[in-house]
Amino acid sequence: MKQTAQAPSNIAIIKYWGKKNSKLDLPFSSTISINYNNLFTQTTVEFNPKLQKDAVTIDGKSNAQETKRVSTHLDIIRKLAKIKTKAKVVSKNNFPKSSGLASSASGFAALTAAGAKAAGLNLKEKQLTALARLGSGSASRSIPSGFVKWEKGTNHQTSYARSLYPASYWNLDILVIIVNNNAKKTSSTQGHSAAVSSPFFNIRTKNLDKKIKKIESALKSKNFKLFGQTLETEALELHAIALTSIPPIIYWEPKSIQIMKLCHALRQKDIDVYFTFDAGPQPVLFCQQKDTPKVMVALKSQVKDIQIIKSKPGEGTTITSNHLF
Ligand code: PMV
């Protein structure tokens, strides 16, 4: 039977960068993220005995490399369900994919939830998060709702994600700024493998537990300044690792830097706004409702040709009946 899932993309506030075990997609440290309430992948999966091979369409196109990655993930699901049937997969994103807005997170979360159900598996949330992790590490965090922690674990079962707080816990404004619509040149997979070559990688790993405690305490007390400072330091650290890895990776564009500086200038005027980035050029700003209009005015008047998506913390992955075929 065909099944459809809708999964949100998420933004990491403590980030996954470097794989401890690339086969199992195990991180060196636990990570924390927030789901977006309006950036989604919707995916329909149907196992069909008439098919000779998997047929995969993403945003209206079929691509051999993407089909291979999807098929590899479906193979894991097939093995669990003890079936050999090939599948038709149709998927669509409501945001530009591969531009650093974590389409692999929402993509593999939706594929996992729809695929597992279509294969007749009845998995608990924890198992689904671990299964999604095998497609893309950050996908594990797109399954539970709201503010989510991916526990690093030491094996497949213990490396899973869980909700720390529901989406409604903290009414933050998240501004996703598209400075560049082109697909990025260096995938996060390449970035992960280069990360460990940075001379700063071990220092970062050593300090991460402390940073996780800091952000957990900021979340618990809803201390926005501490939350913002910590998430910004964390993003700069990930990019410092990328910049100093071999080969070096420069994800930022001139406008990314302009917006970072704008955040700092706004803070001088007591407008509390902090930035983060994934592995891409698009800044993601966090602010509180009282400051959002001022941040929007500053962005629109000072930075040319950008697209701003206003988002908030959102729910996790859901099964729907809005099939795509
Ligand atoms: O899930 P992956 O393997 O695409 O890695 C995600 C990497 C970052 O987005 C940069 C950080 C994160 O934790 O989401």
# chains A, B, ... in the order shown; residues from 1 in each chain; ligands from 1
$ select_by_dssp --residues "range 151-201 of chain A" --states "strand (DSSP E)" --output "ChimeraX atom specification"
/A:161-165,173-178
$ closest_atom_pairs --of "chain A" --to "ligand 1" --cutoff "7 Å" --atoms "only C-alpha atoms and all ligand atoms" --output "tab-separated table"
residue	atom	partner	partner_atom_place_in_ligand_line	distance
A:Ile11	CA	ligand 1	14 (O)	6.1
A:Ala12	CA	ligand 1	14 (O)	4.8
A:Ile14	CA	ligand 1	13 (O)	6.6
A:Lys15	CA	ligand 1	13 (O)	3.7
A:Tyr16	CA	ligand 1	13 (O)	3.6
A:Trp17	CA	ligand 1	7 (C)	5.7
A:Thr31	CA	ligand 1	13 (O)	6.3
A:Ala102	CA	ligand 1	9 (O)	5.9
A:Ser104	CA	ligand 1	4 (O)	5.8
A:Ala105	CA	ligand 1	1 (O)	5.9
A:Ser136	CA	ligand 1	1 (O)	4.3
A:Gly137	CA	ligand 1	1 (O)	3.8
A:Ser138	CA	ligand 1	1 (O)	3.6
A:Ala139	CA	ligand 1	1 (O)	6.0
A:Ser188	CA	ligand 1	4 (O)	5.0
A:Thr189	CA	ligand 1	3 (O)	5.6
A:Asp278	CA	ligand 1	10 (C)	4.2
A:Ala279	CA	ligand 1	10 (C)	4.2
$ write_last_selection --atoms "N, CA and C atoms" --output "JSON list (two decimals), in the first residue's frame"
[["chain", "number", "residue", "atom", "x", "y", "z"],
["A", 11, "ILE", "N", 17.04, 22.97, 11.93],
["A", 11, "ILE", "CA", 18.29, 23.73, 12.01],
["A", 11, "ILE", "C", 19.00, 23.30, 13.30],
["A", 12, "ALA", "N", 20.25, 22.88, 13.13],
["A", 12, "ALA", "CA", 21.00, 22.43, 14.31],
["A", 12, "ALA", "C", 21.50, 23.64, 15.08],
["A", 14, "ILE", "N", 23.33, 22.83, 18.03],
["A", 14, "ILE", "CA", 24.62, 22.18, 18.31],
["A", 14, "ILE", "C", 24.79, 21.19, 17.17],
["A", 15, "LYS", "N", 25.88, 21.32, 16.42],
["A", 15, "LYS", "CA", 25.92, 20.71, 15.09],
["A", 15, "LYS", "C", 26.73, 19.41, 14.98],
["A", 16, "TYR", "N", 26.33, 18.65, 13.99],
["A", 16, "TYR", "CA", 26.98, 17.40, 13.62],
["A", 16, "TYR", "C", 27.98, 17.73, 12.53],
["A", 17, "TRP", "N", 29.27, 17.54, 12.80],
["A", 17, "TRP", "CA", 30.27, 17.82, 11.77],
["A", 17, "TRP", "C", 31.45, 16.89, 11.97],
["A", 31, "THR", "N", 23.92, 16.12, 19.39],
["A", 31, "THR", "CA", 23.59, 17.39, 18.74],
["A", 31, "THR", "C", 22.16, 17.79, 19.09],
["A", 102, "ALA", "N", 19.21, 21.94, 4.73],
["A", 102, "ALA", "CA", 19.00, 20.60, 5.28],
["A", 102, "ALA", "C", 17.88, 19.82, 4.60],
["A", 104, "SER", "N", 18.40, 17.11, 3.08],
["A", 104, "SER", "CA", 18.62, 15.68, 3.31],
["A", 104, "SER", "C", 18.00, 15.27, 4.64],
["A", 105, "ALA", "N", 17.91, 16.20, 5.59],
["A", 105, "ALA", "CA", 17.28, 15.89, 6.88],
["A", 105, "ALA", "C", 15.80, 15.60, 6.68],
["A", 136, "SER", "N", 20.76, 9.98, 6.58],
["A", 136, "SER", "CA", 21.47, 11.24, 6.77],
["A", 136, "SER", "C", 21.40, 11.53, 8.27],
["A", 137, "GLY", "N", 22.54, 11.76, 8.90],
["A", 137, "GLY", "CA", 22.56, 11.92, 10.35],
["A", 137, "GLY", "C", 21.51, 12.88, 10.86],
["A", 138, "SER", "N", 21.45, 14.06, 10.26],
["A", 138, "SER", "CA", 20.53, 15.08, 10.75],
["A", 138, "SER", "C", 19.06, 14.69, 10.56],
["A", 139, "ALA", "N", 18.78, 13.71, 9.69],
["A", 139, "ALA", "CA", 17.39, 13.29, 9.46],
["A", 139, "ALA", "C", 16.78, 12.68, 10.72],
["A", 188, "SER", "N", 27.54, 17.91, 2.40],
["A", 188, "SER", "CA", 27.90, 17.75, 3.81],
["A", 188, "SER", "C", 28.68, 16.44, 4.00],
["A", 189, "THR", "N", 28.43, 15.44, 3.13],
["A", 189, "THR", "CA", 29.18, 14.18, 3.23],
["A", 189, "THR", "C", 30.68, 14.45, 3.05],
["A", 278, "ASP", "N", 23.94, 26.27, 8.45],
["A", 278, "ASP", "CA", 24.28, 24.87, 8.25],
["A", 278, "ASP", "C", 25.46, 24.84, 7.29],
["A", 279, "ALA", "N", 25.67, 23.74, 6.62],
["A", 279, "ALA", "CA", 26.79, 23.66, 5.68],
["A", 279, "ALA", "C", 26.37, 24.33, 4.38]]
$ closest_residue --among "A:Thr317, A:Gln65, A:Gln307, A:Gln268" --to "Asn181 in chain A" --atoms "only C-alpha atoms"
A:Gln307
$ atom_distance --atom1 "CA of Gln3 in chain A" --atom2 "CA of Thr41 in chain A"
13.9 Å
$ residues_around --residues "Asp54 in chain A" --least-positions-apart "4" --cutoff "10 Å" --atoms "only C-alpha atoms" --output "list in words"
Glu46, Phe47, Asn48, Thr67, Lys68, Val70, Ser71, Leu74, Thr85, Lys86, Ala87, Lys88 and Val89 of chain A
$ atom_distance --atom1 "CA of Ala298 in chain A" --atom2 "CA of Glu253 in chain A"
18.9 Å
$ atom_distance --atom1 "CA of Ile76 in chain A" --atom2 "CA of Ser321 in chain A"
24.2 Å
$ closest_residue --among "A:Gly228, A:Gly314, A:Gly191, A:Pro293" --to "Pro247 in chain A" --atoms "only C-alpha atoms"
A:Gly191
$ select_by_dssp --residues "range 109-242 of chain A" --states "alpha helix (DSSP H)" --output "ChimeraX atom specification"
/A:109-118,125-133,188-195,201-221,224-242
$ residues_around --residues "Arg162 in chain A" --least-positions-apart "2" --cutoff "12 Å" --atoms "only C-alpha atoms" --output "count of residues only"
32
$ residues_around --residues "range 199-216 of chain A" --least-positions-apart "5" --cutoff "9 Å" --atoms "only C-alpha atoms" --output "list in words"
Ile13, Ile14, Gly18, Phe28, Ser29, Ser30, Thr31, Ile32, Ser221, Leu226, Phe227, Gly228, Thr230, Leu231, Glu234, Glu237, Leu238, Ala240, Ile241, Thr244 and Ser245 of chain A
$ closest_residue --among "A:Lys2, A:Lys310, A:Lys61, A:Lys19" --to "Ser193 in chain A" --atoms "only C-alpha atoms"
A:Lys19
$ residues_around --residues "Val297 in chain A" --least-positions-apart "6" --cutoff "12 Å" --atoms "only C-alpha atoms" --output "count of residues only"
6
$ closest_residue --among "A:Gln258, A:Thr318, A:Asn10, A:Thr154" --to "Gln302 in chain A" --atoms "only C-alpha atoms"
A:Gln258
$ residues_around --residues "Ala5 in chain A" --least-positions-apart "2" --cutoff "6 Å" --atoms "only C-alpha atoms" --output "ChimeraX atom specification"
/A:42-43,110,114,318-320
